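S.K.: First, the structure itself, so that you have it in front of you.
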Amino acid sequence: MSDKELEIFELCERLSELLGDKEAIADLKKLYINHPEMFKDMQDVSNTIKEVVKEPEIIVDANRNKRDYEVIKAAKIINDKKMADVVIKNESGINEIFHANKKRIKEFNRLNNKDNLLQVETPTPPTHQLNGLELMDKNPSGANALSATAKKIIPQKDKSTNDFKTKLEEFNAKKTNVVKPINKEFK
């Protein structure tokens, strides 16, 4: 087991845009103690966080109580039975991963249907198989399928709450190609 308690994780480009920094810190010991039933050890916590923040499949605005700082949940399918998620807050310009866990894969489908879903850029073909799930765009023609890039680049001027809310509103207004998992078996 790793004895490193604090670790800094590099965030993917999309998380960096939303949170205003390329890195986030996590207290691995605290996260492990919160969910010892989900993780073998602190190294398992670290590996799970790395996998999610490197290439999340879903990013959700998780600021439930309308706090004056950003809270983002990122999730990813990690195998055919499990998904993992992490919750990152940016308070006073510091990104902290304060929650991490593994759940049944049906939780991924629930997250994917949320209204506060943010787009995640993905360089995948129009349809593909991912751990037994077919990912398709709402547009069955395949045109621009899975394209989630915004035409306008959102500048990162300051880390104020209003700036973050403006970014989210702009991004959600342009949400057209959201990846939706469909439960299907492939031969």
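By convention here, the chains of the structure tokens are called A, B, ... in the order presented, each chain's residues are numbered starting at 1, and ligands are numbered starting at 1 in the order presented.
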Mind checking DSSP for region 32-93 of chain A and telling me the helix (DSSP H, G or I) residues as a list in words?

M.R.: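 Answer for region 32-93 of chain A restricted to helix (DSSP H, G or I) is Tyr32, Ile33, Asn34, Met42, Gln43, Asp44, Val45, Ser46, Asn47, Thr48, Ile49, Lys50, Glu51, Val52, Val53 and Lys54 of chain A.
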
S.K.: Restricting the calculation to only C-alpha atoms, which member of A:Glu55, A:Glu5, A:Lys81, A:Arg110 is positioned closest to Asp27 (chain A)?

M.R.: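 Using only C-alpha atoms, Asp27 (chain A) sits closest to A:Glu5.
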
S.K.: Any idea what's packed within 12 Å of Met38 (chain A), counting only C-alpha atoms, ignoring anything in its chain fewer than 5 positions away? Could you give it as a PyMOL selection string?

M.R.: chain A and resi 31-33+44-45+48+82-85+100-104

S.K.: Just how far from CA of Pro36 (chain A) is CA of Asn95 (chain A), in Å to one decimal?

M.R.: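 So the two atoms, CA of Asn95 (chain A) and CA of Pro36 (chain A), lie 23.4 Å apart.
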
S.K.: With only C-alpha atoms as the basis for distance, which of A:Ile88, A:Val52, A:Ala62, A:Cys12 is at the shortest distance from Ile25 (chain A)?

M.R.: A:Ile88

S.K.: Any idea what's packed within 8 Å of region 64-77 of chain A, counting only C-alpha atoms, ignoring anything in its chain fewer than 3 positions away? Could you give it as a list in words?

M.R.: Leu19, Glu51, Val52, Val53, Glu55, Pro56, Glu57, Ile58, Ile59, Val60, Asp61, Asp80, Lys82, Met83, Ala84, Asp85, Val86, Val87, Ile88, Lys89, Asn90, Glu91, Ser92, Ile105, Phe108, Asn131, Thr161 and Phe164 of chain A

S.K.: One number please: CA of Glu23 (chain A) to CA of Phe98 (chain A), in Å, one decimal.

M.R.: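 The value is 13.6 Å.
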
S.K.: Could you check the closest approach to Lys50 (chain A) for each of A:Ala26, A:Phe9, A:Glu96, A:Asn113 and tell me which residue wins, using only C-alpha atoms?

M.R.: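 Answer, going by the shortest atom-to-atom distance: A:Phe9.
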
S.K.: For Asn34 (chain A), work out the shell of residues within 9 Å, counting only C-alpha atoms and skipping chain neighbours fewer than 4 positions away, then give it as a PDB file with N, CA, C and O atoms, in the first residue's frame.

M.R.:
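And here is the file that came out, out_34.pdb:
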ATOM      1  N   LYS A  29      -5.655   9.162   2.139  1.00  0.00           N
ATOM      2  CA  LYS A  29      -5.990   8.462   3.380  1.00  0.00           C
ATOM      3  C   LYS A  29      -7.437   8.747   3.769  1.00  0.00           C
ATOM      4  O   LYS A  29      -8.193   7.831   4.115  1.00  0.00           O
ATOM      5  N   LYS A  30      -7.824   9.996   3.708  1.00  0.00           N
ATOM      6  CA  LYS A  30      -9.187  10.377   4.059  1.00  0.00           C
ATOM      7  C   LYS A  30     -10.198   9.717   3.118  1.00  0.00           C
ATOM      8  O   LYS A  30     -11.224   9.196   3.555  1.00  0.00           O
ATOM      9  N   HIS A  99     -14.140  13.635  -2.770  1.00  0.00           N
ATOM     10  CA  HIS A  99     -14.973  12.432  -2.791  1.00  0.00           C
ATOM     11  C   HIS A  99     -14.540  11.562  -3.965  1.00  0.00           C
ATOM     12  O   HIS A  99     -14.312  12.054  -5.062  1.00  0.00           O
ATOM     13  N   ALA A 100     -14.436  10.266  -3.712  1.00  0.00           N
ATOM     14  CA  ALA A 100     -14.127   9.305  -4.774  1.00  0.00           C
ATOM     15  C   ALA A 100     -14.771   7.978  -4.388  1.00  0.00           C
ATOM     16  O   ALA A 100     -14.739   7.584  -3.230  1.00  0.00           O
TER      17      ALA A 100
END

S.K.: Distance CA of Leu111 (chain A)-CA of Asp41 (chain A), one decimal place?

M.R.: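 These atoms are spaced 26.2 Å apart.
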